[in-house]
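Undergrad: Contents of input.cif (mmCIF, C-alpha atoms) are given next:
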data_target
loop_
_atom_site.label_atom_id
_atom_site.label_comp_id
_atom_site.auth_asym_id
_atom_site.auth_seq_id
_atom_site.Cartn_x
_atom_site.Cartn_y
_atom_site.Cartn_z
CA MET A 1 0.00 0.00 0.00
CA THR A 2 1.42 3.41 -0.94
CA ASP A 3 0.80 6.71 0.82
CA ILE A 4 0.98 8.61 -2.47
CA THR A 5 -2.10 9.00 -4.63
CA LEU A 6 -1.58 10.17 -8.19
CA PRO A 7 -4.07 12.60 -9.79
CA ILE A 8 -5.12 9.94 -12.28
CA SER A 9 -8.51 8.47 -13.14
CA VAL A 10 -8.30 4.86 -14.31
CA THR A 11 -11.05 4.00 -16.79
CA ILE A 12 -12.13 0.43 -17.57
CA ILE A 13 -14.92 -0.72 -19.88
CA ALA A 14 -16.31 -4.16 -19.16
CA GLN A 15 -18.95 -6.79 -19.72
CA ASP A 16 -18.93 -10.20 -18.05
CA GLU A 17 -15.37 -9.92 -16.74
CA ALA A 18 -15.96 -10.99 -13.12
CA ASP A 19 -13.10 -13.49 -13.26
CA ARG A 20 -10.52 -10.98 -14.54
CA ILE A 21 -11.45 -7.42 -13.61
CA GLY A 22 -10.31 -7.87 -10.01
CA MET A 23 -6.65 -8.16 -11.02
CA ALA A 24 -6.95 -5.05 -13.19
CA ILE A 25 -8.40 -2.94 -10.38
CA GLU A 26 -6.03 -4.31 -7.74
CA SER A 27 -3.03 -3.35 -9.88
CA VAL A 28 -3.95 0.36 -9.63
CA ARG A 29 -6.40 1.07 -6.83
CA ASP A 30 -3.84 1.83 -4.09
CA TRP A 31 -2.07 4.64 -5.95
CA VAL A 32 -4.57 6.39 -8.25
CA ASP A 33 -7.29 8.86 -7.32
CA GLU A 34 -10.20 6.83 -8.70
CA VAL A 35 -11.15 3.80 -10.77
CA VAL A 36 -14.15 4.21 -13.07
CA VAL A 37 -15.72 1.05 -14.49
CA VAL A 38 -18.28 1.45 -17.26
CA ASP A 39 -20.28 -1.76 -17.55
CA SER A 40 -22.51 -2.49 -20.53
CA GLY A 41 -24.77 -5.08 -18.92
CA SER A 42 -22.84 -7.85 -17.20
CA THR A 43 -24.78 -10.83 -15.88
CA ASP A 44 -21.88 -12.55 -14.07
CA GLY A 45 -21.41 -10.13 -11.17
CA THR A 46 -18.74 -7.93 -12.72
CA GLN A 47 -20.37 -4.84 -11.23
CA GLU A 48 -20.31 -6.28 -7.71
CA VAL A 49 -16.67 -7.35 -7.98
CA ALA A 50 -15.62 -3.89 -9.20
CA ALA A 51 -17.64 -2.06 -6.55
CA SER A 52 -16.25 -4.28 -3.76
CA LEU A 53 -12.75 -3.15 -4.76
CA GLY A 54 -13.66 0.53 -4.52
CA ALA A 55 -14.39 1.30 -8.16
CA LYS A 56 -17.12 3.68 -9.26
CA VAL A 57 -19.40 1.52 -11.42
CA ILE A 58 -21.61 3.09 -14.08
CA HIS A 59 -23.96 1.31 -16.48
CA HIS A 60 -23.93 2.41 -20.12
CA ASP A 61 -25.40 0.39 -23.00
CA TRP A 62 -22.82 -0.72 -25.52
CA PRO A 63 -22.34 1.82 -28.37
CA GLY A 64 -19.01 0.51 -29.70
CA TYR A 65 -15.40 0.43 -28.48
CA GLY A 66 -14.35 4.02 -29.14
CA GLN A 67 -17.64 5.52 -27.98
CA GLN A 68 -17.67 3.50 -24.75
CA LYS A 69 -14.13 4.55 -23.86
CA ARG A 70 -15.00 8.15 -24.67
CA PHE A 71 -18.04 7.91 -22.38
CA ALA A 72 -15.76 6.57 -19.64
CA GLU A 73 -13.48 9.60 -20.07
CA ASP A 74 -16.45 11.88 -19.48
CA GLN A 75 -17.15 10.18 -16.13
CA ALA A 76 -13.61 10.75 -14.85
CA ARG A 77 -12.97 13.69 -12.53
CA ASN A 78 -9.27 14.07 -13.38
CA ASP A 79 -7.61 15.43 -16.50
CA TRP A 80 -5.08 12.59 -16.44
CA ILE A 81 -6.58 9.30 -17.64
CA LEU A 82 -5.03 5.84 -17.48
CA ASN A 83 -7.12 3.52 -19.60
CA ILE A 84 -6.80 -0.23 -19.06
CA ASP A 85 -8.96 -3.11 -20.19
CA ALA A 86 -10.56 -5.55 -17.77
CA ASP A 87 -8.10 -8.25 -18.86
CA GLU A 88 -5.00 -6.06 -18.37
CA ARG A 89 -2.95 -5.15 -15.33
CA ILE A 90 -0.20 -2.66 -14.53
CA LEU A 91 3.10 -4.34 -13.69
CA PRO A 92 5.21 -3.08 -10.74
CA GLU A 93 7.92 -1.46 -12.86
CA LEU A 94 5.31 0.56 -14.77
CA LYS A 95 3.69 1.66 -11.52
CA ALA A 96 7.10 2.80 -10.21
CA GLU A 97 7.75 4.71 -13.42
CA MET A 98 4.41 6.52 -13.19
CA MET A 99 5.06 7.37 -9.53
CA GLN A 100 8.37 8.92 -10.57
CA LEU A 101 6.72 10.71 -13.49
CA PHE A 102 4.35 12.55 -11.15
CA ALA A 103 6.82 12.89 -8.25
CA HIS A 104 7.63 16.57 -8.73
CA ASP A 105 6.08 18.74 -11.40
CA ALA A 106 3.47 17.74 -13.95
CA PRO A 107 4.72 15.25 -16.58
CA ASP A 108 6.45 16.78 -19.58
CA ALA A 109 4.29 15.05 -22.19
CA ASP A 110 0.52 15.06 -22.72
CA GLY A 111 0.26 11.39 -23.67
CA TYR A 112 2.36 8.28 -23.11
CA PHE A 113 2.69 5.10 -25.16
CA ILE A 114 2.69 1.94 -23.05
CA ALA A 115 3.84 -1.50 -24.21
CA ILE A 116 1.22 -4.21 -23.69
CA HIS A 117 2.48 -7.80 -23.56
CA ASP A 118 0.21 -10.82 -23.79
CA ARG A 119 0.49 -13.34 -20.99
CA LEU A 120 0.75 -16.52 -22.98
CA TYR A 121 -2.29 -18.71 -22.39
CA CYS A 122 -1.74 -21.69 -20.06
CA THR A 123 1.62 -20.23 -18.95
CA ASP A 124 2.87 -17.52 -16.59
CA ARG A 125 5.19 -16.04 -19.24
CA LEU A 126 4.76 -12.68 -20.90
CA SER A 127 5.15 -12.61 -24.66
CA ALA A 128 8.56 -11.75 -26.04
CA TYR A 129 7.24 -10.70 -29.44
CA THR A 130 6.80 -7.09 -30.52
CA PRO A 131 4.19 -5.61 -28.20
CA TYR A 132 1.13 -3.54 -28.94
CA LYS A 133 2.04 0.02 -27.86
CA PRO A 134 -0.87 2.52 -27.78
CA VAL A 135 -1.30 5.77 -25.87
CA ARG A 136 -2.93 4.74 -22.58
CA LEU A 137 -1.83 7.47 -20.13
CA TYR A 138 -2.91 10.89 -21.32
CA ARG A 139 -4.50 14.22 -20.52
CA LYS A 140 -8.07 14.27 -21.79
CA SER A 141 -7.73 18.02 -22.37
CA LYS A 142 -5.11 17.11 -24.99
CA GLY A 143 -6.37 13.79 -26.35
CA ARG A 144 -9.58 11.78 -26.50
CA TYR A 145 -10.62 8.36 -27.68
CA SER A 146 -11.99 8.29 -31.20
CA THR A 147 -15.71 7.71 -31.73
CA SER A 148 -15.11 4.71 -33.97
CA PRO A 149 -17.11 1.60 -33.00
CA VAL A 150 -14.10 -0.65 -33.65
CA HIS A 151 -10.95 1.49 -33.39
CA ASP A 152 -10.32 2.36 -29.75
CA ARG A 153 -7.37 4.72 -30.14
CA VAL A 154 -6.52 7.94 -28.37
CA GLN A 155 -6.32 10.80 -30.84
CA MET A 156 -3.98 13.50 -29.58
CA GLU A 157 -4.69 17.12 -30.45
CA SER A 158 -2.38 18.92 -32.84
CA GLY A 159 0.62 20.02 -30.82
CA GLY A 160 0.02 17.46 -28.09
CA LYS A 161 3.38 16.08 -26.94
CA THR A 162 3.82 12.32 -26.61
CA SER A 163 6.48 10.13 -25.07
CA THR A 164 7.00 6.43 -24.32
CA LEU A 165 7.16 4.73 -20.93
CA LYS A 166 9.56 1.83 -20.40
CA GLY A 167 7.32 -0.17 -18.05
CA ARG A 168 4.90 -2.80 -19.30
CA MET A 169 1.27 -3.76 -18.99
CA ALA A 170 0.26 -7.44 -18.91
CA HIS A 171 -2.65 -8.63 -21.05
CA ASP A 172 -4.56 -11.83 -20.37
CA SER A 173 -5.94 -11.86 -23.89
CA LEU A 174 -7.21 -15.44 -23.82
CA LYS A 175 -9.80 -16.49 -21.26
CA SER A 176 -10.33 -19.69 -23.23
CA PHE A 177 -10.28 -20.63 -26.89
CA HIS A 178 -14.07 -20.83 -26.81
CA HIS A 179 -14.27 -17.25 -25.50
CA ARG A 180 -11.64 -16.08 -28.00
CA ILE A 181 -13.62 -17.44 -30.95
CA GLU A 182 -16.84 -15.81 -29.71
CA LYS A 183 -15.06 -12.48 -29.22
CA MET A 184 -13.35 -12.73 -32.61
CA ASN A 185 -16.68 -13.45 -34.29
CA GLU A 186 -18.32 -10.36 -32.79
CA TYR A 187 -15.35 -8.07 -33.42
CA THR A 188 -14.75 -9.06 -37.04
CA GLU A 189 -18.43 -8.52 -37.76
CA ALA A 190 -18.20 -4.98 -36.41
CA GLN A 191 -14.98 -4.44 -38.37
CA ALA A 192 -16.61 -5.54 -41.63
CA LYS A 193 -19.52 -3.14 -41.14
CA ASP A 194 -17.11 -0.32 -40.31
CA LEU A 195 -15.00 -1.01 -43.40
CA LEU A 196 -18.08 -1.03 -45.62
CA ALA A 197 -19.31 2.23 -44.09
CA ARG A 198 -15.94 3.78 -44.92
CA GLY A 199 -16.22 2.75 -48.56
CA ARG A 200 -14.05 -0.37 -48.55
CA LYS A 201 -14.98 -3.04 -51.07
CA PRO A 202 -14.40 -6.79 -50.81
CA SER A 203 -11.45 -8.18 -52.72
CA THR A 204 -11.09 -11.71 -54.07
CA PHE A 205 -7.32 -11.32 -53.92
CA ARG A 206 -7.45 -10.33 -50.22
CA ILE A 207 -9.75 -13.27 -49.43
CA LEU A 208 -7.32 -15.70 -51.09
CA THR A 209 -4.16 -14.26 -49.53
CA GLU A 210 -5.16 -12.60 -46.24
CA PHE A 211 -4.73 -15.64 -43.99
CA TRP A 212 -1.28 -16.55 -45.31
CA THR A 213 -0.02 -12.98 -45.41
CA ALA A 214 -1.24 -12.28 -41.88
CA PHE A 215 0.30 -15.51 -40.59
CA ILE A 216 3.69 -14.57 -42.03
CA VAL A 217 3.42 -11.07 -40.57
CA GLY A 218 2.43 -12.37 -37.16
CA TYR A 219 4.73 -15.36 -36.90
CA PHE A 220 7.88 -13.86 -38.38
CA PHE A 221 7.68 -10.05 -38.32
CA ARG A 222 5.76 -9.66 -35.05
CA GLY A 223 7.88 -12.38 -33.54
CA TYR A 224 5.20 -14.84 -32.46
CA TRP A 225 7.75 -17.60 -33.21
CA ARG A 226 9.47 -16.68 -29.94
CA GLY A 227 6.48 -18.10 -28.04
CA GLY A 228 7.00 -21.70 -29.12
CA LEU A 229 3.82 -23.73 -29.64
CA MET A 230 1.64 -21.06 -28.02
CA GLY A 231 3.21 -18.43 -30.27
CA TYR A 232 2.28 -20.55 -33.29
CA ILE A 233 -1.30 -20.77 -31.99
CA TYR A 234 -1.41 -17.00 -31.52
CA ALA A 235 -0.14 -16.46 -35.07
CA VAL A 236 -2.82 -18.73 -36.52
CA ASN A 237 -5.42 -16.99 -34.38
CA PHE A 238 -4.27 -13.59 -35.64
CA ALA A 239 -4.32 -14.76 -39.25
CA TYR A 240 -7.77 -16.32 -38.94
CA SER A 241 -9.22 -13.11 -37.48
CA ARG A 242 -7.91 -11.19 -40.50
CA PHE A 243 -9.40 -13.80 -42.85
CA LEU A 244 -12.76 -13.60 -41.05
CA ARG A 245 -12.78 -9.83 -41.47
CA GLN A 246 -12.34 -10.17 -45.24
CA ILE A 247 -15.04 -12.81 -45.77
CA LYS A 248 -17.48 -10.90 -43.56
CA LEU A 249 -16.81 -7.77 -45.60
CA TYR A 250 -17.61 -9.86 -48.68
CA GLU A 251 -20.77 -11.29 -47.06
CA THR A 252 -22.01 -7.93 -45.78
CA SER A 253 -21.42 -6.27 -49.14
CA ARG A 254 -23.37 -8.94 -51.03
CA THR A 255 -26.21 -8.81 -48.49
CA ASN A 256 -26.45 -5.04 -48.85
CA ASP A 257 -26.42 -5.27 -52.66
CA LYS A 258 -29.31 -7.75 -52.61
CA GLY A 259 -31.24 -5.60 -50.12
#
Write the structure described by the file as structure tokens, please.
TA:
Amino acid sequence: MTDITLPISVTIIAQDEADRIGMAIESVRDWVDEVVVVDSGSTDGTQEVAASLGAKVIHHDWPGYGQQKRFAEDQARNDWILNIDADERILPELKAEMMQLFAHDAPDADGYFIAIHDRLYCTDRLSAYTPYKPVRLYRKSKGRYSTSPVHDRVQMESGGKTSTLKGRMAHDSLKSFHHRIEKMNEYTEAQAKDLLARGRKPSTFRILTEFWTAFIVGYFFRGYWRGGLMGYIYAVNFAYSRFLRQIKLYETSRTNDKG
């Protein structure tokens, strides 16, 4: 337990994450000003778990990824936001770095990129492949989440200064393969609709090559090969999600043409 509380609001969006959200909240609750959980209708007790750990829990029907995270920003009382997902947690070295960042004057930058490493499923190891590195710590007066239903990215204002933190965030991306397939199915459907709305057309060439191209990118260029068998599984999973997006774009386009 630390005696120092940083002027940060942690925002978490969630639905049916009772088995994972506790670790996310516990990784931050002792050193940030508040934890705001926006729940879109959990039926597994997520709200009760979050509230029992001191989080402010707010219900908001699901509008899409970007919109939900933007709504969560609006509920936060601080300018500084640290956004984490219900299946992520702040590691000790990242906490220490943030404590140092706020130790004296206000941080120099307006937004900070943070490396997010998958915890390999069925192991206690963090991935060694190239991590996902978005802006997650930021001033909402200088950056906000986009309103895209599928692209949850912080868009910094022109002139907003960014920097990169060295500490890492852990991501328990796989609850189970069954859950992963369900989540992938929902997300790729939303992606296909978003692509179509933005004028993208289906491509026979992309349908034929997307899986293999994505597998090569994931396994070799992203470094999934470093994860052994589980890395291979992650690469196939990544490639299949890209393939699903293409065939759903094709399906949605044909359905709309017939309608």
Undergrad: Quick one: apply the PyMOL selection byres ((chain A and resi 189) around 12) to the file and drop the selected residues here as a PyMOL selection string.
TA: chain A and resi 149-150+182-188+190-196+241-253
Undergrad: Please determine, counting all atoms listed in the file, which residue among A:Leu101, A:Ser9, A:Val49, A:Thr43 has the shortest atom-to-atom distance to Met23 in chain A.
TA: A:Val49
Undergrad: What would the selection look like, as a list in words, if the PyMOL selection byres ((chain A and resi 151) around 10) were run on the coordinates I just shared?
TA: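 Checked against the file, the PyMOL selection byres ((chain A and resi 151) around 10) matches Gly64, Tyr65, Gly66, Gln67, Tyr145, Ser146, Thr147, Ser148, Pro149, Val150, Asp152, Arg153, Val154, Gln191 and Asp194 of chain A.
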Undergrad: Just the number, please: distance in Å from CA of Asn78 in chain A to CA of His117 in chain A, one decimal.
TA: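 Computing the Euclidean distance for CA of Asn78 in chain A and CA of His117 in chain A yields 26.8 Å.
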Undergrad: Give the answer as one residue: which of A:Lys142, A:Arg89, A:Lys95, A:Arg20 has the shortest atom-to-atom distance to Thr5 in chain A, using all atoms listed in the file?
TA: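 The answer is A:Lys95, which sits nearest to Thr5 in chain A.
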Undergrad: So how many Å separate CA of Glu26 in chain A and CA of Leu165 in chain A, to one decimal?
TA: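 Calculated distance between CA of Glu26 in chain A and CA of Leu165 in chain A is 20.7 Å.
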Undergrad: Selected by the PyMOL selection byres ((chain A and resi 81-87) around 6) in the shown coordinates: which residues, as an mmCIF file with C-alpha atoms, in the frame of the given file?
TA:
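Output file out-v8.cif follows:
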data_model
loop_
_atom_site.group_PDB
_atom_site.id
_atom_site.type_symbol
_atom_site.label_atom_id
_atom_site.label_comp_id
_atom_site.auth_asym_id
_atom_site.auth_seq_id
_atom_site.Cartn_x
_atom_site.Cartn_y
_atom_site.Cartn_z
ATOM 1 C CA ILE A 8 -5.120 9.940 -12.280
ATOM 2 C CA SER A 9 -8.510 8.470 -13.140
ATOM 3 C CA VAL A 10 -8.300 4.860 -14.310
ATOM 4 C CA THR A 11 -11.050 4.000 -16.790
ATOM 5 C CA ILE A 12 -12.130 0.430 -17.570
ATOM 6 C CA ARG A 20 -10.520 -10.980 -14.540
ATOM 7 C CA ILE A 21 -11.450 -7.420 -13.610
ATOM 8 C CA ALA A 24 -6.950 -5.050 -13.190
ATOM 9 C CA TRP A 80 -5.080 12.590 -16.440
ATOM 10 C CA GLU A 88 -5.000 -6.060 -18.370
ATOM 11 C CA ARG A 136 -2.930 4.740 -22.580
ATOM 12 C CA LEU A 137 -1.830 7.470 -20.130
ATOM 13 C CA TYR A 138 -2.910 10.890 -21.320
ATOM 14 C CA HIS A 171 -2.650 -8.630 -21.050
ATOM 15 C CA ASP A 172 -4.560 -11.830 -20.370
#
Undergrad: Out of A:Ser27, A:Ser141, A:Ser52, A:Thr130, which residue has the shortest atom-to-atom distance to Pro92 in chain A when counting all atoms listed in the file?
TA: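 Looking at the shortest contact to Pro92 in chain A, the residue is A:Ser27.
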Undergrad: Excluding same-chain residues fewer than 2 positions from range 107-109 of chain A, what lies within 12 Å of it counting all atoms listed in the file, as a ChimeraX atom specification?
TA: /A:6-8,80,97-105,111-113,135,137-139,142-143,156,159-165
Undergrad: State, in Å with one decimal place, the distance from CA of Ala96 in chain A to CA of Asp79 in chain A.
TA: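 Straight-line distance from CA of Ala96 in chain A to CA of Asp79 in chain A works out to 20.4 Å.
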Undergrad: Name all residues at most 12 Å from Trp225 in chain A (count all atoms listed in the file; drop same-chain ones fewer than 6 positions away) and give them as a ChimeraX atom specification.
TA: /A:127-130,215-219,231-236
Undergrad: Would you mind listing what lies within 6 Å of Met169 in chain A as a PyMOL selection string, with only C-alpha atoms counted and same-chain residues fewer than 4 positions away left out?
TA: chain A and resi 89-91+116
Undergrad: Which residue out of A:Arg226, A:Arg29, A:Lys133, A:Arg119 has the minimum interatomic distance to Gly167 in chain A when only C-alpha atoms are used?
TA: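 Of all the options, A:Lys133 lies closest to Gly167 in chain A.
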Undergrad: Name the closest residue to Gln68 in chain A among the candidates A:Ser40, A:Ser203, A:Asn237, A:Ser173; distances are taken between atoms, counting only C-alpha atoms.
TA: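 With only C-alpha atoms as the atom set, the closest residue is A:Ser40.
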Undergrad: Return the single residue from A:Phe238, A:Tyr224, A:Phe177, A:Tyr121 that is closest to Phe211 in chain A, with distances computed using all atoms listed in the file.
TA: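 Answer, going by the shortest atom-to-atom distance: A:Phe238.
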Undergrad: Place N, CA and C atoms on range 120-154 of chain A and deliver the coordinates as a PDB file, in the frame of the given file.
TA:
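Contents of rebuild-v6.pdb, freshly written:
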ATOM      1  N   LEU A 120       1.042 -15.362 -22.143  1.00  0.00           N
ATOM      2  CA  LEU A 120       0.750 -16.520 -22.980  1.00  0.00           C
ATOM      3  C   LEU A 120      -0.193 -17.474 -22.253  1.00  0.00           C
ATOM      4  N   TYR A 121      -1.241 -17.854 -22.945  1.00  0.00           N
ATOM      5  CA  TYR A 121      -2.290 -18.710 -22.390  1.00  0.00           C
ATOM      6  C   TYR A 121      -1.705 -20.026 -21.875  1.00  0.00           C
ATOM      7  N   CYS A 122      -2.191 -20.455 -20.706  1.00  0.00           N
ATOM      8  CA  CYS A 122      -1.740 -21.690 -20.060  1.00  0.00           C
ATOM      9  C   CYS A 122      -0.299 -21.602 -19.554  1.00  0.00           C
ATOM     10  N   THR A 123       0.264 -20.405 -19.495  1.00  0.00           N
ATOM     11  CA  THR A 123       1.620 -20.230 -18.950  1.00  0.00           C
ATOM     12  C   THR A 123       1.599 -18.979 -18.060  1.00  0.00           C
ATOM     13  N   ASP A 124       2.720 -18.744 -17.370  1.00  0.00           N
ATOM     14  CA  ASP A 124       2.870 -17.520 -16.590  1.00  0.00           C
ATOM     15  C   ASP A 124       3.859 -16.571 -17.259  1.00  0.00           C
ATOM     16  N   ARG A 125       4.193 -16.835 -18.525  1.00  0.00           N
ATOM     17  CA  ARG A 125       5.190 -16.040 -19.240  1.00  0.00           C
ATOM     18  C   ARG A 125       4.531 -14.919 -20.033  1.00  0.00           C
ATOM     19  N   LEU A 126       5.194 -13.772 -20.036  1.00  0.00           N
ATOM     20  CA  LEU A 126       4.760 -12.680 -20.900  1.00  0.00           C
ATOM     21  C   LEU A 126       5.376 -12.877 -22.268  1.00  0.00           C
ATOM     22  N   SER A 127       4.670 -12.461 -23.287  1.00  0.00           N
ATOM     23  CA  SER A 127       5.150 -12.610 -24.660  1.00  0.00           C
ATOM     24  C   SER A 127       6.443 -11.845 -24.868  1.00  0.00           C
ATOM     25  N   ALA A 128       7.308 -12.418 -25.691  1.00  0.00           N
ATOM     26  CA  ALA A 128       8.560 -11.750 -26.040  1.00  0.00           C
ATOM     27  C   ALA A 128       8.481 -11.104 -27.419  1.00  0.00           C
ATOM     28  N   TYR A 129       7.356 -11.291 -28.119  1.00  0.00           N
ATOM     29  CA  TYR A 129       7.240 -10.700 -29.440  1.00  0.00           C
ATOM     30  C   TYR A 129       6.902  -9.213 -29.344  1.00  0.00           C
ATOM     31  N   THR A 130       7.006  -8.529 -30.471  1.00  0.00           N
ATOM     32  CA  THR A 130       6.800  -7.090 -30.520  1.00  0.00           C
ATOM     33  C   THR A 130       5.453  -6.722 -29.921  1.00  0.00           C
ATOM     34  N   PRO A 131       5.451  -5.900 -28.891  1.00  0.00           N
ATOM     35  CA  PRO A 131       4.190  -5.610 -28.200  1.00  0.00           C
ATOM     36  C   PRO A 131       3.339  -4.576 -28.911  1.00  0.00           C
ATOM     37  N   TYR A 132       2.071  -4.591 -28.558  1.00  0.00           N
ATOM     38  CA  TYR A 132       1.130  -3.540 -28.940  1.00  0.00           C
ATOM     39  C   TYR A 132       1.486  -2.336 -28.066  1.00  0.00           C
ATOM     40  N   LYS A 133       1.571  -1.137 -28.631  1.00  0.00           N
ATOM     41  CA  LYS A 133       2.040   0.020 -27.860  1.00  0.00           C
ATOM     42  C   LYS A 133       1.188   1.259 -28.168  1.00  0.00           C
ATOM     43  N   PRO A 134       0.000   1.354 -27.572  1.00  0.00           N
ATOM     44  CA  PRO A 134      -0.870   2.520 -27.780  1.00  0.00           C
ATOM     45  C   PRO A 134      -0.650   3.588 -26.710  1.00  0.00           C
ATOM     46  N   VAL A 135      -1.243   4.761 -26.923  1.00  0.00           N
ATOM     47  CA  VAL A 135      -1.300   5.770 -25.870  1.00  0.00           C
ATOM     48  C   VAL A 135      -2.362   5.309 -24.866  1.00  0.00           C
ATOM     49  N   ARG A 136      -1.978   5.156 -23.605  1.00  0.00           N
ATOM     50  CA  ARG A 136      -2.930   4.740 -22.580  1.00  0.00           C
ATOM     51  C   ARG A 136      -2.952   5.703 -21.390  1.00  0.00           C
ATOM     52  N   LEU A 137      -1.865   6.440 -21.179  1.00  0.00           N
ATOM     53  CA  LEU A 137      -1.830   7.470 -20.130  1.00  0.00           C
ATOM     54  C   LEU A 137      -1.811   8.814 -20.841  1.00  0.00           C
ATOM     55  N   TYR A 138      -2.801   9.659 -20.558  1.00  0.00           N
ATOM     56  CA  TYR A 138      -2.910  10.890 -21.320  1.00  0.00           C
ATOM     57  C   TYR A 138      -3.784  11.919 -20.601  1.00  0.00           C
ATOM     58  N   ARG A 139      -3.641  13.157 -21.022  1.00  0.00           N
ATOM     59  CA  ARG A 139      -4.500  14.220 -20.520  1.00  0.00           C
ATOM     60  C   ARG A 139      -5.703  14.340 -21.450  1.00  0.00           C
ATOM     61  N   LYS A 140      -6.898  14.226 -20.912  1.00  0.00           N
ATOM     62  CA  LYS A 140      -8.070  14.270 -21.790  1.00  0.00           C
ATOM     63  C   LYS A 140      -8.318  15.671 -22.343  1.00  0.00           C
ATOM     64  N   SER A 141      -7.651  16.674 -21.790  1.00  0.00           N
ATOM     65  CA  SER A 141      -7.730  18.020 -22.370  1.00  0.00           C
ATOM     66  C   SER A 141      -6.856  18.119 -23.613  1.00  0.00           C
ATOM     67  N   LYS A 142      -6.011  17.110 -23.842  1.00  0.00           N
ATOM     68  CA  LYS A 142      -5.110  17.110 -24.990  1.00  0.00           C
ATOM     69  C   LYS A 142      -5.331  15.921 -25.931  1.00  0.00           C
ATOM     70  N   GLY A 143      -6.118  14.966 -25.510  1.00  0.00           N
ATOM     71  CA  GLY A 143      -6.370  13.790 -26.350  1.00  0.00           C
ATOM     72  C   GLY A 143      -7.624  13.081 -25.875  1.00  0.00           C
ATOM     73  N   ARG A 144      -8.361  12.517 -26.822  1.00  0.00           N
ATOM     74  CA  ARG A 144      -9.580  11.780 -26.500  1.00  0.00           C
ATOM     75  C   ARG A 144      -9.642  10.521 -27.350  1.00  0.00           C
ATOM     76  N   TYR A 145     -10.393   9.534 -26.858  1.00  0.00           N
ATOM     77  CA  TYR A 145     -10.620   8.360 -27.680  1.00  0.00           C
ATOM     78  C   TYR A 145     -11.473   8.733 -28.886  1.00  0.00           C
ATOM     79  N   SER A 146     -11.208   8.062 -30.003  1.00  0.00           N
ATOM     80  CA  SER A 146     -11.990   8.290 -31.200  1.00  0.00           C
ATOM     81  C   SER A 146     -13.404   7.765 -30.982  1.00  0.00           C
ATOM     82  N   THR A 147     -14.326   8.173 -31.842  1.00  0.00           N
ATOM     83  CA  THR A 147     -15.710   7.710 -31.730  1.00  0.00           C
ATOM     84  C   THR A 147     -15.992   6.498 -32.616  1.00  0.00           C
ATOM     85  N   SER A 148     -14.939   5.886 -33.123  1.00  0.00           N
ATOM     86  CA  SER A 148     -15.110   4.710 -33.970  1.00  0.00           C
ATOM     87  C   SER A 148     -15.648   3.535 -33.156  1.00  0.00           C
ATOM     88  N   PRO A 149     -16.587   2.762 -33.723  1.00  0.00           N
ATOM     89  CA  PRO A 149     -17.110   1.600 -33.000  1.00  0.00           C
ATOM     90  C   PRO A 149     -16.123   0.461 -32.869  1.00  0.00           C
ATOM     91  N   VAL A 150     -15.057   0.462 -33.683  1.00  0.00           N
ATOM     92  CA  VAL A 150     -14.100  -0.650 -33.650  1.00  0.00           C
ATOM     93  C   VAL A 150     -12.671  -0.222 -33.338  1.00  0.00           C
ATOM     94  N   HIS A 151     -12.326   1.042 -33.591  1.00  0.00           N
ATOM     95  CA  HIS A 151     -10.950   1.490 -33.390  1.00  0.00           C
ATOM     96  C   HIS A 151     -10.863   2.305 -32.102  1.00  0.00           C
ATOM     97  N   ASP A 152     -10.428   1.647 -31.023  1.00  0.00           N
ATOM     98  CA  ASP A 152     -10.320   2.360 -29.750  1.00  0.00           C
ATOM     99  C   ASP A 152      -8.901   2.897 -29.590  1.00  0.00           C
ATOM    100  N   ARG A 153      -8.668   4.067 -30.177  1.00  0.00           N
ATOM    101  CA  ARG A 153      -7.370   4.720 -30.140  1.00  0.00           C
ATOM    102  C   ARG A 153      -7.516   6.134 -29.624  1.00  0.00           C
ATOM    103  N   VAL A 154      -6.544   6.561 -28.826  1.00  0.00           N
ATOM    104  CA  VAL A 154      -6.520   7.940 -28.370  1.00  0.00           C
ATOM    105  C   VAL A 154      -6.000   8.814 -29.505  1.00  0.00           C
TER     106      VAL A 154
END
